[in-house]
file run_21.cif (mmCIF, C-alpha atoms)
data_work
loop_
_atom_site.label_atom_id
_atom_site.label_comp_id
_atom_site.auth_asym_id
_atom_site.auth_seq_id
_atom_site.Cartn_x
_atom_site.Cartn_y
_atom_site.Cartn_z
CA MET D 1 24.20 -12.55 24.50
CA LYS D 2 24.07 -16.18 23.48
CA PHE D 3 22.85 -19.26 25.32
CA CYS D 4 22.81 -23.00 24.71
CA LEU D 5 21.97 -26.49 25.90
CA ILE D 6 24.80 -28.94 26.53
CA GLY D 7 24.43 -32.70 26.58
CA GLU D 8 25.61 -35.86 24.91
CA LYS D 9 22.86 -36.34 22.30
CA LEU D 10 20.56 -33.43 21.51
CA SER D 11 19.06 -34.07 18.06
CA HIS D 12 15.54 -34.56 19.47
CA SER D 13 15.63 -31.75 22.03
CA TYR D 14 12.85 -29.13 22.00
CA SER D 15 14.88 -26.62 24.03
CA LYS D 16 16.02 -24.60 21.06
CA LYS D 17 12.41 -24.25 19.84
CA ILE D 18 11.30 -22.97 23.24
CA HIS D 19 14.08 -20.43 23.77
CA THR D 20 14.17 -19.08 20.22
CA LEU D 21 10.39 -18.66 20.38
CA CYS D 22 11.08 -16.31 23.30
CA GLY D 23 13.68 -14.41 21.30
CA LEU D 24 16.91 -15.85 22.67
CA ASN D 25 20.01 -16.57 20.61
CA TYR D 26 20.10 -20.23 21.62
CA GLY D 27 21.98 -23.24 20.27
CA LEU D 28 22.64 -26.92 20.94
CA VAL D 29 26.14 -28.08 21.91
CA GLU D 30 26.82 -31.80 22.01
CA LEU D 31 29.78 -32.71 24.21
CA ASP D 32 31.70 -35.87 24.99
CA LYS D 33 32.45 -36.37 28.68
CA ASN D 34 36.10 -35.39 28.20
CA GLN D 35 35.02 -32.05 26.68
CA LEU D 36 32.89 -30.90 29.62
CA LYS D 37 35.70 -29.39 31.72
CA ASP D 38 37.17 -27.47 28.78
CA PHE D 39 33.71 -26.12 27.89
CA CYS D 40 33.25 -24.77 31.41
CA ASN D 41 36.73 -23.32 31.66
CA ASN D 42 36.36 -21.46 28.37
CA CYS D 43 32.64 -20.71 28.40
CA GLU D 44 31.56 -18.17 25.78
CA TYR D 45 27.90 -18.26 26.75
CA ALA D 46 26.00 -15.94 29.09
CA GLY D 47 24.18 -19.00 30.35
CA PHE D 48 23.41 -22.57 29.40
CA ASN D 49 21.18 -25.50 30.24
CA VAL D 50 22.49 -28.95 31.09
CA THR D 51 20.88 -32.27 30.22
CA ILE D 52 21.72 -35.99 30.26
CA PRO D 53 24.30 -37.14 31.26
CA TYR D 54 25.98 -34.06 32.78
CA LYS D 55 23.57 -32.73 35.43
CA LYS D 56 25.69 -34.22 38.22
CA GLU D 57 29.06 -34.29 36.47
CA ILE D 58 29.06 -30.50 35.99
CA MET D 59 28.65 -29.67 39.69
CA PRO D 60 32.36 -29.88 40.70
CA LEU D 61 33.23 -27.56 37.80
CA LEU D 62 31.09 -24.65 39.04
CA HIS D 63 32.05 -21.68 41.20
CA GLY D 64 28.83 -21.86 43.21
CA ILE D 65 25.60 -23.88 43.39
CA ASP D 66 22.12 -22.84 44.51
CA ASP D 67 20.79 -24.53 47.69
CA GLU D 68 17.91 -26.22 45.91
CA ALA D 69 20.23 -27.69 43.27
CA LEU D 70 22.47 -29.00 46.06
CA LYS D 71 19.51 -30.66 47.80
CA ILE D 72 18.38 -32.27 44.55
CA GLY D 73 21.92 -33.22 43.60
CA ALA D 74 21.68 -31.99 40.02
CA VAL D 75 22.22 -28.78 38.04
CA ASN D 76 20.31 -28.07 34.84
CA THR D 77 20.90 -24.31 34.51
CA VAL D 78 24.17 -22.38 34.65
CA LYS D 79 24.66 -18.60 34.70
CA ASN D 80 27.95 -17.04 33.64
CA VAL D 81 28.78 -14.06 35.88
CA LYS D 82 31.99 -12.38 34.72
CA GLY D 83 33.58 -15.69 33.82
CA LYS D 84 32.41 -17.55 36.95
CA LEU D 85 29.77 -20.24 36.53
CA TYR D 86 26.89 -20.64 39.00
CA GLY D 87 24.55 -23.64 39.00
CA PHE D 88 20.80 -23.82 39.56
CA ASN D 89 18.03 -26.40 39.24
CA THR D 90 14.86 -25.22 37.50
CA ASP D 91 13.48 -28.74 37.04
CA ALA D 92 11.90 -28.56 40.50
CA PHE D 93 9.93 -25.46 39.50
CA GLY D 94 8.95 -27.15 36.23
CA PHE D 95 7.84 -30.32 38.01
CA SER D 96 5.64 -28.40 40.45
CA PHE D 97 4.16 -26.35 37.60
CA MET D 98 3.35 -29.53 35.67
CA LEU D 99 1.56 -31.06 38.67
CA LYS D 100 -0.47 -27.92 39.28
CA GLN D 101 -1.65 -27.66 35.67
CA ALA D 102 -2.75 -31.32 35.73
CA SER D 103 -4.49 -30.86 39.10
CA ILE D 104 -2.44 -33.74 40.53
CA SER D 105 -1.69 -33.43 44.23
CA LEU D 106 0.99 -35.46 46.02
CA LYS D 107 -0.07 -34.35 49.50
CA ASN D 108 -0.75 -37.36 51.74
CA LYS D 109 -0.41 -39.68 48.73
CA VAL D 110 1.56 -42.87 48.22
CA VAL D 111 3.89 -41.97 45.36
CA ALA D 112 5.87 -44.49 43.30
CA ILE D 113 8.80 -42.99 41.38
CA LEU D 114 10.24 -45.04 38.54
CA GLY D 115 13.96 -44.54 37.96
CA THR D 116 17.27 -43.80 39.66
CA GLY D 117 18.69 -40.84 37.71
CA GLY D 118 18.51 -37.07 37.95
CA ALA D 119 14.80 -36.88 37.14
CA LYS D 120 14.13 -39.29 40.01
CA ASN D 121 16.00 -36.94 42.38
CA THR D 122 13.81 -34.02 41.32
CA ALA D 123 10.60 -36.06 41.64
CA GLU D 124 11.60 -37.32 45.09
CA TYR D 125 12.51 -33.80 46.25
CA ILE D 126 9.13 -32.43 45.09
CA ALA D 127 7.21 -35.38 46.56
CA LYS D 128 8.78 -34.69 49.97
CA ASN D 129 8.17 -30.93 49.71
CA HIS D 130 4.56 -31.48 48.66
CA GLY D 131 3.85 -33.71 51.65
CA ALA D 132 3.67 -37.18 50.15
CA LYS D 133 2.66 -39.78 52.75
CA LYS D 134 5.00 -42.42 51.38
CA ILE D 135 7.58 -42.47 48.58
CA ILE D 136 8.47 -45.72 46.82
CA ILE D 137 11.53 -45.76 44.57
CA VAL D 138 11.30 -48.38 41.82
CA SER D 139 14.23 -49.62 39.75
CA ARG D 140 15.18 -52.67 37.70
CA SER D 141 17.37 -54.22 40.39
CA GLY D 142 16.28 -52.43 43.55
CA GLU D 143 14.42 -53.80 46.55
CA ILE D 144 11.22 -52.72 44.82
CA ASN D 145 11.45 -53.48 41.11
CA TYR D 146 9.22 -53.83 38.07
CA ASN D 147 8.32 -57.40 38.96
CA ASN D 148 7.32 -57.02 42.60
CA ILE D 149 5.94 -53.47 42.48
CA TYR D 150 2.45 -54.91 42.07
CA GLU D 151 2.64 -56.06 45.68
CA GLN D 152 2.46 -52.37 46.65
CA LYS D 153 -1.32 -52.23 46.72
CA ASP D 154 -1.59 -48.69 48.10
CA ILE D 155 0.11 -46.76 45.26
CA GLU D 156 -1.93 -43.68 44.33
CA ILE D 157 0.44 -41.69 42.09
CA ILE D 158 3.02 -43.05 39.63
CA VAL D 159 5.84 -40.85 38.33
CA ASN D 160 7.89 -42.06 35.38
CA ALA D 161 11.34 -40.50 35.79
CA THR D 162 12.97 -42.86 33.30
CA PRO D 163 13.43 -42.46 29.52
CA VAL D 164 11.47 -45.68 28.87
CA GLY D 165 8.77 -44.92 26.31
CA THR D 166 10.49 -41.93 24.74
CA TYR D 167 11.23 -41.55 21.00
CA PRO D 168 12.19 -43.70 19.12
CA ASN D 169 11.12 -46.46 21.53
CA ASN D 170 7.60 -45.05 21.82
CA TYR D 171 5.79 -48.29 22.56
CA GLU D 172 7.86 -49.41 25.54
CA THR D 173 6.26 -49.23 28.96
CA LEU D 174 7.38 -50.41 32.39
CA LEU D 175 4.07 -51.14 34.09
CA ASP D 176 0.59 -52.54 33.61
CA LEU D 177 -1.58 -49.86 35.22
CA THR D 178 -4.65 -52.10 35.38
CA LYS D 179 -3.04 -53.84 38.37
CA PHE D 180 -3.09 -50.72 40.57
CA GLU D 181 -6.57 -50.45 42.04
CA LYS D 182 -5.96 -47.25 44.04
CA LEU D 183 -4.12 -45.41 41.29
CA GLU D 184 -5.49 -41.89 40.73
CA GLY D 185 -2.73 -40.08 38.83
CA VAL D 186 0.14 -40.67 36.39
CA VAL D 187 3.00 -38.23 35.81
CA ASP D 188 5.25 -39.04 32.86
CA CYS D 189 8.25 -36.72 32.50
CA ILE D 190 8.53 -37.73 28.83
CA TYR D 191 7.29 -35.19 26.27
CA ASN D 192 8.13 -37.02 23.03
CA PRO D 193 5.67 -38.62 22.35
CA PHE D 194 2.92 -36.60 23.99
CA ILE D 195 0.94 -39.75 24.83
CA THR D 196 3.25 -42.50 26.03
CA GLY D 197 2.21 -46.08 26.72
CA LEU D 198 1.98 -45.19 30.40
CA ILE D 199 -0.27 -42.21 29.72
CA TYR D 200 -2.44 -44.27 27.41
CA GLY D 201 -2.92 -46.67 30.31
CA ALA D 202 -3.98 -43.74 32.51
CA LYS D 203 -6.45 -42.55 29.86
CA ASN D 204 -7.96 -46.04 29.74
CA LYS D 205 -8.38 -45.97 33.54
CA ASN D 206 -9.95 -42.50 33.27
CA ILE D 207 -7.56 -41.01 35.81
CA LYS D 208 -5.55 -37.78 35.83
CA TYR D 209 -2.32 -37.71 33.86
CA THR D 210 0.29 -35.38 32.43
CA ASN D 211 3.24 -35.62 30.09
CA GLY D 212 6.43 -33.59 30.58
CA LEU D 213 5.84 -30.76 28.09
CA ASN D 214 4.62 -28.22 30.65
CA MET D 215 7.56 -29.13 32.88
CA LEU D 216 9.99 -28.71 29.99
CA VAL D 217 8.69 -25.26 29.07
CA ALA D 218 8.35 -24.08 32.67
CA GLN D 219 11.91 -25.06 33.58
CA ALA D 220 13.21 -23.43 30.40
CA LEU D 221 11.50 -20.11 31.12
CA LYS D 222 12.61 -20.28 34.76
CA ALA D 223 16.17 -20.53 33.40
CA GLN D 224 15.54 -17.36 31.39
CA GLU D 225 14.40 -15.64 34.58
CA ILE D 226 17.77 -16.51 36.14
CA TRP D 227 19.79 -15.43 33.11
CA LEU D 228 17.89 -12.24 32.28
CA ASN D 229 16.36 -11.19 35.62
CA LYS D 230 12.84 -11.23 34.16
CA LYS D 231 9.54 -12.82 35.13
CA PHE D 232 7.05 -15.00 33.25
CA THR D 233 3.43 -15.45 34.26
CA ASN D 234 1.74 -18.87 34.31
CA GLU D 235 -0.29 -17.79 31.29
CA GLU D 236 2.88 -16.97 29.34
CA ILE D 237 4.38 -20.36 30.17
CA LEU D 238 1.22 -22.15 29.03
CA SER D 239 1.08 -20.06 25.86
CA VAL D 240 4.63 -21.09 24.92
CA ALA D 241 3.81 -24.75 25.68
CA GLU D 242 0.73 -24.60 23.46
CA SER D 243 2.73 -23.01 20.63
CA ILE D 244 5.36 -25.74 20.85
CA LYS D 245 2.68 -28.43 20.87
CA LYS D 246 0.88 -27.02 17.84
CA ASP D 247 4.13 -26.73 15.92
CA ILE D 248 5.24 -30.28 16.70
CA GLN D 249 2.03 -32.30 16.79
CA ASN D 250 0.78 -34.39 13.90
CA ILE D 251 -2.61 -33.95 12.32
CA VAL D 252 -4.21 -37.29 11.49
CA LEU D 253 -7.05 -37.32 8.96
CA ILE D 254 -9.57 -40.14 9.16
CA GLY D 255 -12.81 -40.90 7.37
CA MET D 256 -14.50 -43.00 4.70
CA PRO D 257 -12.61 -44.02 1.55
CA SER D 258 -12.58 -41.17 -1.04
CA CYS D 259 -13.74 -38.52 1.48
CA GLY D 260 -10.79 -36.30 0.47
CA LYS D 261 -8.19 -37.04 3.15
CA SER D 262 -5.17 -37.06 0.82
CA THR D 263 -6.11 -33.92 -1.11
CA ILE D 264 -6.95 -32.01 2.06
CA GLY D 265 -3.84 -33.34 3.79
CA LYS D 266 -1.45 -32.10 1.10
CA ILE D 267 -2.88 -28.58 1.20
CA LEU D 268 -2.97 -28.52 5.00
CA ALA D 269 0.63 -29.73 5.29
CA GLN D 270 1.86 -27.01 2.94
CA LYS D 271 -0.03 -24.30 4.81
CA LEU D 272 1.23 -25.42 8.23
CA GLY D 273 4.81 -26.25 7.28
CA LYS D 274 4.43 -29.94 8.10
CA LYS D 275 5.38 -33.04 6.14
CA PHE D 276 2.54 -34.83 4.33
CA VAL D 277 2.36 -38.60 4.69
CA ASP D 278 -0.20 -40.91 3.07
CA LEU D 279 -0.31 -44.28 4.85
CA ASP D 280 -1.44 -46.06 1.68
CA GLU D 281 1.52 -44.61 -0.22
CA GLU D 282 3.87 -45.69 2.57
CA ILE D 283 2.49 -49.21 2.28
CA TYR D 284 3.21 -49.14 -1.45
CA LYS D 285 6.76 -47.91 -0.82
CA SER D 286 7.27 -50.72 1.67
CA LEU D 287 5.90 -53.65 -0.39
CA GLY D 288 5.58 -52.37 -3.94
CA LYS D 289 1.85 -53.09 -3.99
CA THR D 290 -1.18 -50.87 -3.45
CA PRO D 291 -3.65 -51.61 -0.65
CA SER D 292 -6.14 -52.81 -3.28
CA GLN D 293 -3.59 -55.25 -4.70
CA LEU D 294 -2.68 -56.56 -1.26
CA ILE D 295 -6.34 -57.09 -0.33
CA GLU D 296 -7.13 -58.83 -3.61
CA GLU D 297 -4.04 -61.07 -3.50
CA PHE D 298 -3.70 -61.85 0.21
CA GLY D 299 -6.96 -60.83 1.86
CA GLU D 300 -8.00 -58.00 4.17
CA GLU D 301 -6.49 -59.48 7.34
CA TYR D 302 -3.03 -59.59 5.77
CA PHE D 303 -3.40 -56.01 4.59
CA ARG D 304 -4.55 -54.80 8.03
CA ASN D 305 -1.44 -56.30 9.64
CA VAL D 306 0.77 -54.53 7.11
CA GLU D 307 -1.15 -51.31 7.70
CA THR D 308 -0.61 -51.61 11.46
CA ASN D 309 3.15 -52.02 11.10
CA VAL D 310 3.39 -48.98 8.84
CA ALA D 311 1.10 -46.87 11.04
CA LYS D 312 3.12 -47.68 14.16
CA GLU D 313 6.41 -46.72 12.52
CA ILE D 314 5.16 -43.51 10.87
CA SER D 315 3.28 -42.29 13.95
CA LYS D 316 6.39 -42.25 16.13
CA ASN D 317 7.51 -39.11 14.33
CA ASN D 318 6.03 -35.62 14.60
CA LYS D 319 5.27 -32.45 12.63
CA MET D 320 3.31 -34.35 9.97
CA VAL D 321 -0.12 -34.41 8.38
CA ILE D 322 -1.08 -38.07 8.04
CA ALA D 323 -3.83 -39.24 5.70
CA THR D 324 -5.06 -42.68 6.74
CA GLY D 325 -6.87 -45.38 4.83
CA GLY D 326 -10.60 -45.66 5.50
CA GLY D 327 -10.20 -48.67 7.78
CA ALA D 328 -6.95 -47.70 9.52
CA VAL D 329 -8.65 -46.79 12.79
CA LEU D 330 -10.65 -50.00 13.11
CA LYS D 331 -7.92 -51.63 15.22
CA LYS D 332 -7.24 -50.36 18.75
CA GLU D 333 -3.53 -50.91 18.14
CA ASN D 334 -3.64 -48.43 15.27
CA GLN D 335 -5.61 -45.92 17.30
CA THR D 336 -2.99 -46.01 20.05
CA ALA D 337 -0.20 -45.45 17.52
CA LEU D 338 -1.92 -42.65 15.61
CA LYS D 339 -2.99 -40.76 18.73
CA GLN D 340 0.37 -40.56 20.49
CA ASN D 341 1.57 -37.32 18.84
CA SER D 342 -1.58 -36.16 17.11
CA VAL D 343 -4.83 -34.32 16.92
CA VAL D 344 -7.31 -36.44 14.94
CA VAL D 345 -9.65 -34.86 12.37
CA TYR D 346 -12.65 -36.77 11.00
CA ILE D 347 -13.45 -35.75 7.41
CA LYS D 348 -17.17 -36.27 6.79
CA ARG D 349 -18.56 -36.46 3.27
CA ALA D 350 -22.05 -37.24 1.97
CA LEU D 351 -22.30 -40.91 0.99
CA ASN D 352 -23.59 -40.09 -2.49
CA LYS D 353 -20.33 -38.21 -3.15
CA LEU D 354 -18.07 -41.15 -2.29
CA VAL D 355 -16.67 -43.30 -5.12
CA LEU D 356 -16.03 -47.02 -5.44
CA ALA D 357 -13.12 -46.95 -7.91
CA ASP D 358 -10.13 -48.96 -6.68
CA ARG D 359 -11.89 -49.59 -3.35
CA PRO D 360 -12.34 -53.37 -3.05
CA ILE D 361 -13.87 -53.34 0.43
CA SER D 362 -16.31 -50.55 -0.53
CA LYS D 363 -17.33 -52.56 -3.59
CA GLN D 364 -17.70 -55.76 -1.61
CA LYS D 365 -19.76 -54.39 1.26
CA GLY D 366 -21.34 -51.31 -0.25
CA ILE D 367 -20.78 -47.76 0.95
CA GLU D 368 -23.87 -47.62 3.16
CA LYS D 369 -22.99 -50.82 5.06
CA LEU D 370 -19.36 -49.78 5.38
CA TYR D 371 -20.39 -46.41 6.78
CA SER D 372 -22.76 -48.02 9.30
CA GLU D 373 -19.88 -50.18 10.57
CA ARG D 374 -17.37 -47.35 10.84
CA ALA D 375 -19.18 -44.07 11.58
CA GLU D 376 -19.33 -44.61 15.34
CA ILE D 377 -15.62 -45.53 15.44
CA TYR D 378 -14.66 -42.40 13.49
CA SER D 379 -16.73 -40.17 15.77
CA GLY D 380 -15.43 -41.78 18.94
CA PHE D 381 -11.78 -41.58 17.92
CA CYS D 382 -11.60 -38.07 16.47
CA ASP D 383 -10.85 -34.83 18.32
CA VAL D 384 -12.71 -32.67 15.80
CA ALA D 385 -14.95 -33.34 12.78
CA VAL D 386 -15.45 -31.29 9.61
CA GLU D 387 -17.68 -31.55 6.56
CA ASN D 388 -16.20 -31.87 3.07
CA ASN D 389 -19.30 -31.32 0.97
CA GLU D 390 -18.65 -27.85 -0.48
CA SER D 391 -15.07 -27.12 -1.49
CA ILE D 392 -11.67 -28.41 -0.42
CA ASP D 393 -10.54 -24.88 0.48
CA THR D 394 -13.55 -24.41 2.76
CA CYS D 395 -12.78 -27.69 4.51
CA VAL D 396 -9.11 -26.80 4.96
CA LYS D 397 -9.98 -23.38 6.41
CA GLU D 398 -12.40 -24.98 8.86
CA ILE D 399 -9.74 -27.43 10.03
CA GLU D 400 -7.27 -24.56 10.52
CA SER D 401 -9.80 -22.61 12.56
CA LEU D 402 -10.65 -25.60 14.73
CA LEU D 403 -7.01 -26.34 15.45
#
call {"tool": "encode", "arguments": {"input": "run_21.cif", "output": "structure tokens"}}
result
Amino acid sequence: MKFCLIGEKLSHSYSKKIHTLCGLNYGLVELDKNQLKDFCNNCEYAGFNVTIPYKKEIMPLLHGIDDEALKIGAVNTVKNVKGKLYGFNTDAFGFSFMLKQASISLKNKVVAILGTGGAKNTAEYIAKNHGAKKIIIVSRSGEINYNNIYEQKDIEIIVNATPVGTYPNNYETLLDLTKFEKLEGVVDCIYNPFITGLIYGAKNKNIKYTNGLNMLVAQALKAQEIWLNKKFTNEEILSVAESIKKDIQNIVLIGMPSCGKSTIGKILAQKLGKKFVDLDEEIYKSLGKTPSQLIEEFGEEYFRNVETNVAKEISKNNKMVIATGGGAVLKKENQTALKQNSVVVYIKRALNKLVLADRPISKQKGIEKLYSERAEIYSGFCDVAVENNESIDTCVKEIESLL
């Protein structure tokens, strides 16, 4: 049996990764709108998923539709039964699963849902079923929009059901969360990047949040239950989600100049099947000058601005090991960029083993002073820390074990 995902643009979809990880023969089929009817009439698949922009458009082409999908007004899963196509909606299950894993309750809460599309329908359906006290629909041109939403002082949960903030427009965000005093939870249905601008705002407010990865995996495995008449436990769903995250996420290496980030990064990337990227090398590719040359010719401030632009562009992607310059994490803007798809590893090395060659800032300030200025920032920003005082291989193995 073979299965697939249909949609208009699928190059960045994770669906194939999820289903093939579970052993399915699963592909991606991009369709123009005028191809949708022919695909359904001549379907060669035992089942398929449906994504933007066909979740509503496919409904009149089906032989039957599940009650929940009818209530939501969207179909994302289709089962082929002897040539007849039946529609279901597994997004609702995925949405509920995502909320539960993040310990976010909608019961008796004032919930603001951003968006007007299919994801909004699912979020609104779940909010009603979970007993939300009040549901506010926010859109660009609606009665409540992104300009006057701040007048809604009682909002407790915000759900982003729009694509704003997704790859490659990672840094876009619709709201300033600091203006919501009663806010206690943020649900962003986006899963690429893992940490969107909206989620970063939630982290800064120290409130509960979730991205859409658990929802994506849960709805995918619920589709398999429909196709194959099998059951997945919560633990199995979470295990698949963790596997997908580990495969996709970046590993960002930070630490003092000459601590071994580039050498360790190259080995780690090869072992894990990820692309190695050195931010300093990317700067050279961009401007034809090394960081040392830029600092000496134009000053450190100029170099830091260049470094920020490069870091923001590189960090939008995933499945990489990124070696940063020693001062790359000094700016909050860089930290936000580097963290969005990544686990951050701080490489520690004894100061007497660090070198000054081709390190103008280290020469100017001295290694001890530089370390005193940066050590707390490194420690505060990293997810894990390892020592690189014995051998490179030992350090790499420790990073692998920690991750």
call {"tool": "closest_atom_pairs", "arguments": {"input": "run_21.cif", "of": "segment 173-291 of chain D", "to": "segment 45-65 of chain D", "cutoff": "10 Å", "atoms": "all atoms listed in the file", "output": "Markdown table"}}
result
| residue | atom | partner | partner_atom | distance |
| --- | --- | --- | --- | --- |
| D:Gln219 | CA | D:Asn49 | CA | 9.9 |
| D:Ala220 | CA | D:Asn49 | CA | 8.2 |
| D:Ala223 | CA | D:Asn49 | CA | 7.7 |
| D:Gln224 | CA | D:Gly47 | CA | 8.9 |
| D:Ile226 | CA | D:Gly47 | CA | 9.0 |
| D:Trp227 | CA | D:Gly47 | CA | 6.3 |
| D:Leu228 | CA | D:Gly47 | CA | 9.4 |
call {"tool": "residues_around", "arguments": {"input": "run_21.cif", "residues": "segment 276-281 of chain D", "least_positions_apart": "6", "cutoff": "12 Å", "atoms": "all atoms listed in the file", "output": "number ranges by chain"}}
result
D: 250-254, 257, 260-270, 287-294, 303-304, 306-315, 317-329, 334, 338
call {"tool": "axis_aligned_box", "arguments": {"input": "run_21.cif", "around": "segment 389-402 of chain D", "padding_each_side": "8 Å", "output": "JSON"}}
result
{"center_x": -13.3, "center_y": -27.0, "center_z": 6.6, "size_x": 28.0, "size_y": 24.7, "size_z": 32.2}
call {"tool": "residues_around", "arguments": {"input": "run_21.cif", "residues": "Ala241 of chain D", "least_positions_apart": "4", "cutoff": "8 Å", "atoms": "all atoms listed in the file", "output": "ChimeraX atom specification"}}
result
/D:213-214,217,237,245
call {"tool": "write_last_selection", "arguments": {"input": "run_21.cif", "atoms": "C-alpha atoms", "output": "tab-separated table (two decimals), in the coordinates of the input"}}
result
chain	number	residue	atom	x	y	z
D	213	LEU	CA	5.84	-30.76	28.09
D	214	ASN	CA	4.62	-28.22	30.65
D	217	VAL	CA	8.69	-25.26	29.07
D	237	ILE	CA	4.38	-20.36	30.17
D	245	LYS	CA	2.68	-28.43	20.87
call {"tool": "resolve_selection", "arguments": {"input": "run_21.cif", "expression": "the PyMOL selection byres ((chain D and resi 187) around 7)", "output": "list in words"}}
result
Ile158, Val159, Asn160, Gly185, Val186, Asp188, Cys189, Tyr209, Thr210 and Asn211 of chain D
call {"tool": "residues_near_point", "arguments": {"input": "run_21.cif", "point": "(21.6, -23.4, 40.7)", "cutoff": "10 Å", "atoms": "all atoms listed in the file", "output": "ChimeraX atom specification"}}
result
/D:59,62,64-70,74-79,85-90,223,226
call {"tool": "atom_distance", "arguments": {"input": "run_21.cif", "atom1": "atom CA of Lys208 of chain D", "atom2": "atom CA of Val110 of chain D"}}
result
15.2 Å
call {"tool": "residues_around", "arguments": {"input": "run_21.cif", "residues": "Gly380 of chain D", "least_positions_apart": "6", "cutoff": "12 Å", "atoms": "all atoms listed in the file", "output": "CSV table (one decimal) with C-alpha atoms, in the frame of the given file"}}
result
chain,number,residue,atom,x,y,z
D,254,ILE,CA,-9.6,-40.1,9.2
D,255,GLY,CA,-12.8,-40.9,7.4
D,329,VAL,CA,-8.6,-46.8,12.8
D,330,LEU,CA,-10.6,-50.0,13.1
D,332,LYS,CA,-7.2,-50.4,18.8
D,335,GLN,CA,-5.6,-45.9,17.3
D,344,VAL,CA,-7.3,-36.4,14.9
D,345,VAL,CA,-9.6,-34.9,12.4
D,346,TYR,CA,-12.6,-36.8,11.0
D,374,ARG,CA,-17.4,-47.4,10.8
call {"tool": "resolve_selection", "arguments": {"input": "run_21.cif", "expression": "the PyMOL selection byres ((chain D and resi 107) around 10)", "output": "number ranges by chain"}}
result
D: 104-106, 108-111, 127-134
call {"tool": "atom_distance", "arguments": {"input": "run_21.cif", "atom1": "atom CA of Val386 of chain D", "atom2": "atom CA of Thr336 of chain D"}}
result
21.9 Å
call {"tool": "closest_residue", "arguments": {"input": "run_21.cif", "among": "D:Cys395, D:Leu24, D:Leu177, D:Ile283", "to": "Met1 of chain D", "atoms": "all atoms listed in the file"}}
result
D:Leu24
call {"tool": "atom_distance", "arguments": {"input": "run_21.cif", "atom1": "atom CA of Ser13 of chain D", "atom2": "atom CA of Gly27 of chain D"}}
result
10.8 Å
call {"tool": "closest_residue", "arguments": {"input": "run_21.cif", "among": "D:Lys348, D:Lys397, D:His12, D:Lys369", "to": "Ala385 of chain D", "atoms": "all atoms listed in the file"}}
result
D:Lys348
call {"tool": "closest_residue", "arguments": {"input": "run_21.cif", "among": "D:Phe381, D:Tyr200, D:Tyr191, D:Phe180", "to": "Ala161 of chain D", "atoms": "only C-alpha atoms"}}
result
D:Tyr191
call {"tool": "closest_residue", "arguments": {"input": "run_21.cif", "among": "D:Leu198, D:Leu21, D:Cys259, D:Cys4", "to": "Leu175 of chain D", "atoms": "only C-alpha atoms"}}
result
D:Leu198
call {"tool": "closest_residue", "arguments": {"input": "run_21.cif", "among": "D:Lys120, D:Ile377, D:Gln364, D:Thr162", "to": "Glu296 of chain D", "atoms": "all atoms listed in the file"}}
result
D:Gln364
call {"tool": "residues_around", "arguments": {"input": "run_21.cif", "residues": "Glu44 of chain D", "least_positions_apart": "3", "cutoff": "10 Å", "atoms": "all atoms listed in the file", "output": "JSON, numbers by chain"}}
result
{"D": [1, 2, 3, 39, 40, 41, 47, 48, 80, 83]}
call {"tool": "write_last_selection", "arguments": {"input": "run_21.cif", "atoms": "C-alpha atoms", "output": "mmCIF file, in the coordinates of the input"}}
result
data_model
loop_
_atom_site.group_PDB
_atom_site.id
_atom_site.type_symbol
_atom_site.label_atom_id
_atom_site.label_comp_id
_atom_site.auth_asym_id
_atom_site.auth_seq_id
_atom_site.Cartn_x
_atom_site.Cartn_y
_atom_site.Cartn_z
ATOM 1 C CA MET D 1 24.200 -12.550 24.500
ATOM 2 C CA LYS D 2 24.070 -16.180 23.480
ATOM 3 C CA PHE D 3 22.850 -19.260 25.320
ATOM 4 C CA PHE D 39 33.710 -26.120 27.890
ATOM 5 C CA CYS D 40 33.250 -24.770 31.410
ATOM 6 C CA ASN D 41 36.730 -23.320 31.660
ATOM 7 C CA GLY D 47 24.180 -19.000 30.350
ATOM 8 C CA PHE D 48 23.410 -22.570 29.400
ATOM 9 C CA ASN D 80 27.950 -17.040 33.640
ATOM 10 C CA GLY D 83 33.580 -15.690 33.820
#
call {"tool": "decode", "arguments": {"input": "run_21.cif", "residues": "segment 64-70 of chain D", "atoms": "N, CA and C atoms", "output": "PDB file, in the first residue's frame"}}
result
ATOM      1  N   GLY D  64     -17.895  10.317   1.309  1.00  0.00           N
ATOM      2  CA  GLY D  64     -18.451  10.511   2.643  1.00  0.00           C
ATOM      3  C   GLY D  64     -17.475  11.272   3.514  1.00  0.00           C
ATOM      4  N   ILE D  65     -17.997  11.959   4.557  1.00  0.00           N
ATOM      5  CA  ILE D  65     -17.152  12.774   5.434  1.00  0.00           C
ATOM      6  C   ILE D  65     -17.549  12.515   6.883  1.00  0.00           C
ATOM      7  N   ASP D  66     -16.563  12.312   7.716  1.00  0.00           N
ATOM      8  CA  ASP D  66     -16.745  12.092   9.153  1.00  0.00           C
ATOM      9  C   ASP D  66     -17.421  13.310   9.797  1.00  0.00           C
ATOM     10  N   ASP D  67     -18.230  13.063  10.834  1.00  0.00           N
ATOM     11  CA  ASP D  67     -18.981  14.143  11.495  1.00  0.00           C
ATOM     12  C   ASP D  67     -18.069  15.251  12.023  1.00  0.00           C
ATOM     13  N   GLU D  68     -16.967  14.871  12.625  1.00  0.00           N
ATOM     14  CA  GLU D  68     -16.074  15.881  13.187  1.00  0.00           C
ATOM     15  C   GLU D  68     -15.484  16.760  12.089  1.00  0.00           C
ATOM     16  N   ALA D  69     -15.119  16.170  10.965  1.00  0.00           N
ATOM     17  CA  ALA D  69     -14.600  16.946   9.837  1.00  0.00           C
ATOM     18  C   ALA D  69     -15.663  17.901   9.303  1.00  0.00           C
ATOM     19  N   LEU D  70     -16.914  17.457   9.285  1.00  0.00           N
ATOM     20  CA  LEU D  70     -18.009  18.323   8.846  1.00  0.00           C
ATOM     21  C   LEU D  70     -18.179  19.511   9.789  1.00  0.00           C
TER      22      LEU D  70
END
